[in-house]
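Participant: Take a look at the following structure, please.
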Amino acid sequence: MARRVGHEAGTRARGTAQEPKALKRALTTPLLYFFILGDVLGAGVYVLVGQVAADAGGAVWVPLVVALLLALLTAASYAELATKYPRAGGASHYATRAFGPFAGFVAGFCMLAAGIVSVAALARGFGGDYLSAFVTLPVALVAVVFLALLALVNARGIKESTRANVVATVVEVGGLAVVVVLGAWLLLRGDGDLGRLTDLGTPEKGAAAAVLSGSVLAYYSFVGFETSVNVAEETRNPRRSYPRALFGALATAGGVYVLVGLAASAAVPTARLAGSSGPLLEVVKEAGGVPPKLFSAVALVAVANGALLTGIMSSRLAYGMARDGLLPGVLTKVLPGRRTPWAAIAVTTGLAMLLALTGSVATLASTLVLLLLVVFLMVNTAVLVLRRDPGEGDHFRTPVVLPVLGIASCVLLATQIEAAVWLRGLAIVAAGAVLAAISVARRSRRTNEGEGRRADVDASRPG
């Protein structure tokens, strides 16, 4: 009997030693703020301002403000869930807790697919007018070569990639500041047209429809905040720090984007802005004073940095899902020396190449937004469902009306997405649903087999 007790105690001790340790709480509010700001304030605005102008008219700033307000609704839901359950996993974890493993898998798969689509959109943006300031090449060719080079950087190591990100983030924020200053200088010297700032609508759409349509694309510029929930576990005081950092970063990014939209609209005729795949370059050309090639180089760095960060996230998410048995095990293979997930990098890069060859920047951006709307719908609904769970201690609590409005905003934006984008998006969601059903069935079978083995062992023990 003593030996049995000693053996069981030793087993418990070994099990405790092998349990994963809690992550170090090292992030302060300012550090978390800059982390989220760097994730949100990215390359989207460098590419999509022209597409927003094509959909909404000269008042580009209006869809940007609308998109910011809609993003804040869902951000409030993330703030509650991230402080209630401060651990990595994000939307997939919340959906699993609220609705079960099937919904959790679909949420995780949609996040993975959204990352791959985003990389494809940025690859096409890289091959547009910004690159044409140096050399003219087919966009499809540039996208494929660009993605291959990013995959090599990704495979080299996370340390090298994040070091490159620090430099690139400073460069891309500086580029946006240059656009704002040049727009103000152009207006002060008497050029530009302030009348365009109130010009809403197109020949095909009235003002309201134009704003909603433009907001779908503008929404792309604010995504990225949803990945920050994965570092809530590493924040010193997530209940206090996370909401402040999240809302502060989104407000800062929104302010910068609105200033950029105002500068671009006032400085450049709407038709010219809408027809350019490098819209902010048109502001530089119109204002003068800054060599177009220099600004093009800044924009290319911004686009490449955004694609690199998203590529890292996508490959690691694919690797993690495969390690958990949710995706094929081949995706867990790593390079012997670098210890980077080369198989996941190769597969996610290959899918991004395929998407880049079969869709425009606007189509891919809308597809990304559609996939995230599926995730955001789950998150906003999960907040309401999980109100019955007290959670882990004190946490941020959003007013009930905000997640309800968040759900409505997801539905509203989804109605503005074109049928062709819906077909592409639904095909991706359907693939995720099939894989989710297989994963849940496998997990159920393993659970049943484990229970059966335990029953056999119990039955074989002497009474």
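Simple scheme: letters A, B, ... for chains in structure tokens order, numbers from 1 for residues in each chain, numbers from 1 for ligands in the order shown.
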Might you pull out every residue within 10 Å of stretch 181-188 of chain A, with only C-alpha atoms counted and same-chain residues fewer than 5 positions away left off, and present them as a PDB file with N, CA, C and O atoms, in the first residue's frame?
Facilitator:
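Done, and the output landed in selection_9.pdb:
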ATOM      1  N   LEU A 176       3.816  57.415 -44.019  1.00  0.00           N
ATOM      2  CA  LEU A 176       2.468  57.969 -43.840  1.00  0.00           C
ATOM      3  C   LEU A 176       2.533  59.405 -43.334  1.00  0.00           C
ATOM      4  O   LEU A 176       1.736  60.258 -43.744  1.00  0.00           O
ATOM      5  N   ASP A 193      -7.958  70.624 -53.793  1.00  0.00           N
ATOM      6  CA  ASP A 193      -9.381  70.948 -53.873  1.00  0.00           C
ATOM      7  C   ASP A 193     -10.075  70.395 -52.633  1.00  0.00           C
ATOM      8  O   ASP A 193     -10.311  69.199 -52.519  1.00  0.00           O
ATOM      9  N   LEU A 194     -10.424  71.290 -51.698  1.00  0.00           N
ATOM     10  CA  LEU A 194     -11.101  70.871 -50.483  1.00  0.00           C
ATOM     11  C   LEU A 194     -12.520  70.380 -50.754  1.00  0.00           C
ATOM     12  O   LEU A 194     -13.094  69.652 -49.947  1.00  0.00           O
ATOM     13  N   LEU A 259      -6.218  61.252 -41.540  1.00  0.00           N
ATOM     14  CA  LEU A 259      -5.348  62.323 -42.045  1.00  0.00           C
ATOM     15  C   LEU A 259      -4.792  61.979 -43.421  1.00  0.00           C
ATOM     16  O   LEU A 259      -4.717  62.828 -44.319  1.00  0.00           O
ATOM     17  N   VAL A 260      -4.396  60.719 -43.596  1.00  0.00           N
ATOM     18  CA  VAL A 260      -3.896  60.285 -44.907  1.00  0.00           C
ATOM     19  C   VAL A 260      -5.003  60.377 -45.953  1.00  0.00           C
ATOM     20  O   VAL A 260      -4.776  60.836 -47.085  1.00  0.00           O
ATOM     21  N   GLY A 261      -6.224  59.949 -45.593  1.00  0.00           N
ATOM     22  CA  GLY A 261      -7.344  60.038 -46.520  1.00  0.00           C
ATOM     23  C   GLY A 261      -7.666  61.463 -46.908  1.00  0.00           C
ATOM     24  O   GLY A 261      -7.938  61.763 -48.079  1.00  0.00           O
ATOM     25  N   LEU A 262      -7.640  62.376 -45.935  1.00  0.00           N
ATOM     26  CA  LEU A 262      -7.882  63.789 -46.216  1.00  0.00           C
ATOM     27  C   LEU A 262      -6.817  64.344 -47.155  1.00  0.00           C
ATOM     28  O   LEU A 262      -7.129  65.065 -48.111  1.00  0.00           O
ATOM     29  N   ALA A 263      -5.560  64.027 -46.870  1.00  0.00           N
ATOM     30  CA  ALA A 263      -4.467  64.527 -47.707  1.00  0.00           C
ATOM     31  C   ALA A 263      -4.575  64.003 -49.128  1.00  0.00           C
ATOM     32  O   ALA A 263      -4.416  64.762 -50.099  1.00  0.00           O
ATOM     33  N   ALA A 264      -4.862  62.705 -49.272  1.00  0.00           N
ATOM     34  CA  ALA A 264      -4.943  62.111 -50.613  1.00  0.00           C
ATOM     35  C   ALA A 264      -6.121  62.684 -51.393  1.00  0.00           C
ATOM     36  O   ALA A 264      -5.985  63.011 -52.585  1.00  0.00           O
ATOM     37  N   SER A 265      -7.272  62.830 -50.743  1.00  0.00           N
ATOM     38  CA  SER A 265      -8.461  63.325 -51.438  1.00  0.00           C
ATOM     39  C   SER A 265      -8.297  64.768 -51.883  1.00  0.00           C
ATOM     40  O   SER A 265      -8.676  65.135 -53.002  1.00  0.00           O
ATOM     41  N   ALA A 266      -7.758  65.604 -50.996  1.00  0.00           N
ATOM     42  CA  ALA A 266      -7.599  67.012 -51.332  1.00  0.00           C
ATOM     43  C   ALA A 266      -6.512  67.241 -52.373  1.00  0.00           C
ATOM     44  O   ALA A 266      -6.612  68.157 -53.193  1.00  0.00           O
ATOM     45  N   ALA A 267      -5.486  66.403 -52.365  1.00  0.00           N
ATOM     46  CA  ALA A 267      -4.329  66.641 -53.230  1.00  0.00           C
ATOM     47  C   ALA A 267      -4.499  66.108 -54.643  1.00  0.00           C
ATOM     48  O   ALA A 267      -4.003  66.702 -55.604  1.00  0.00           O
ATOM     49  N   VAL A 268      -5.220  64.997 -54.800  1.00  0.00           N
ATOM     50  CA  VAL A 268      -5.252  64.281 -56.079  1.00  0.00           C
ATOM     51  C   VAL A 268      -6.692  64.141 -56.558  1.00  0.00           C
ATOM     52  O   VAL A 268      -7.570  63.770 -55.777  1.00  0.00           O
ATOM     53  N   VAL A 283       0.073  61.468 -54.385  1.00  0.00           N
ATOM     54  CA  VAL A 283       0.163  62.646 -53.519  1.00  0.00           C
ATOM     55  C   VAL A 283       1.569  63.218 -53.561  1.00  0.00           C
ATOM     56  O   VAL A 283       1.757  64.437 -53.665  1.00  0.00           O
ATOM     57  N   VAL A 284       2.559  62.358 -53.514  1.00  0.00           N
ATOM     58  CA  VAL A 284       3.955  62.790 -53.552  1.00  0.00           C
ATOM     59  C   VAL A 284       4.266  63.483 -54.876  1.00  0.00           C
ATOM     60  O   VAL A 284       4.914  64.538 -54.909  1.00  0.00           O
ATOM     61  N   LYS A 285       3.798  62.917 -55.969  1.00  0.00           N
ATOM     62  CA  LYS A 285       4.036  63.526 -57.284  1.00  0.00           C
ATOM     63  C   LYS A 285       3.362  64.886 -57.392  1.00  0.00           C
ATOM     64  O   LYS A 285       3.920  65.826 -57.958  1.00  0.00           O
ATOM     65  N   GLU A 286       2.145  64.982 -56.853  1.00  0.00           N
ATOM     66  CA  GLU A 286       1.380  66.225 -56.942  1.00  0.00           C
ATOM     67  C   GLU A 286       2.013  67.330 -56.103  1.00  0.00           C
ATOM     68  O   GLU A 286       2.061  68.492 -56.513  1.00  0.00           O
ATOM     69  N   ALA A 287       2.503  66.975 -54.917  1.00  0.00           N
ATOM     70  CA  ALA A 287       3.047  67.978 -54.008  1.00  0.00           C
ATOM     71  C   ALA A 287       4.469  68.377 -54.364  1.00  0.00           C
ATOM     72  O   ALA A 287       4.867  69.529 -54.208  1.00  0.00           O
ATOM     73  N   GLY A 288       5.253  67.422 -54.859  1.00  0.00           N
ATOM     74  CA  GLY A 288       6.653  67.693 -55.138  1.00  0.00           C
ATOM     75  C   GLY A 288       7.464  67.779 -53.851  1.00  0.00           C
ATOM     76  O   GLY A 288       6.927  67.705 -52.743  1.00  0.00           O
ATOM     77  N   GLY A 289       8.748  67.934 -53.991  1.00  0.00           N
ATOM     78  CA  GLY A 289       9.617  68.086 -52.827  1.00  0.00           C
ATOM     79  C   GLY A 289      10.231  66.790 -52.335  1.00  0.00           C
ATOM     80  O   GLY A 289      11.274  66.808 -51.690  1.00  0.00           O
ATOM     81  N   VAL A 290       9.583  65.669 -52.608  1.00  0.00           N
ATOM     82  CA  VAL A 290      10.113  64.359 -52.225  1.00  0.00           C
ATOM     83  C   VAL A 290      10.253  63.523 -53.493  1.00  0.00           C
ATOM     84  O   VAL A 290       9.284  63.390 -54.248  1.00  0.00           O
TER      85      VAL A 290
END
Participant: Near stretch 404-416 of chain A, counting only C-alpha atoms, which residues have an atom at most 12 Å away, once you skip same-chain residues fewer than 4 positions from it, shown as an MDAnalysis selection string?
Facilitator: chainID A and resid 55 63 66:78 205 208:220 366:385 398:400 420:422 425:426
Participant: Go through A:Ala437, A:Leu41, A:Ala253, A:Ala54 one by one, measure the shortest atom-to-atom distance of each to A:Gly275 using only C-alpha atoms, and give the residue with the smallest value.
Facilitator: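 The shortest atom-to-atom distance to A:Gly275 comes from A:Ala54.
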Participant: Given only C-alpha atoms as the basis, pick out the residue of A:Ala274, A:Leu327, A:Val52, A:Ala95 nearest to A:Ser439.
Facilitator: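 Closest residue, counting only C-alpha atoms: A:Leu327.
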Participant: My list of candidates is A:Leu64, A:Ala249, A:Val440, A:Met353. Which is closest to A:Ala143 when distances are computed with only C-alpha atoms?
Facilitator: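 Closest to A:Ala143 of all the choices is A:Met353.
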Participant: Give the answer as one residue: which of A:Gly311, A:Gln51, A:Leu326, A:Pro138 has the shortest atom-to-atom distance to A:Gly108, using only C-alpha atoms?
Facilitator: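 Closest candidate: A:Leu326.
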Participant: Within stretch 228-384 of chain A, find each residue whose DSSP state, derived from the backbone, is alpha helix (DSSP H), and express the selection as number ranges by chain.
Facilitator: A: 238-267, 270-274, 279-287, 292-323, 342-358, 361-384
Participant: A:Val144, A:Leu122, A:Ile438, A:Ala107: which is nearest A:Gly278, counting only C-alpha atoms?
Facilitator: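 Nearest to A:Gly278: A:Leu122.
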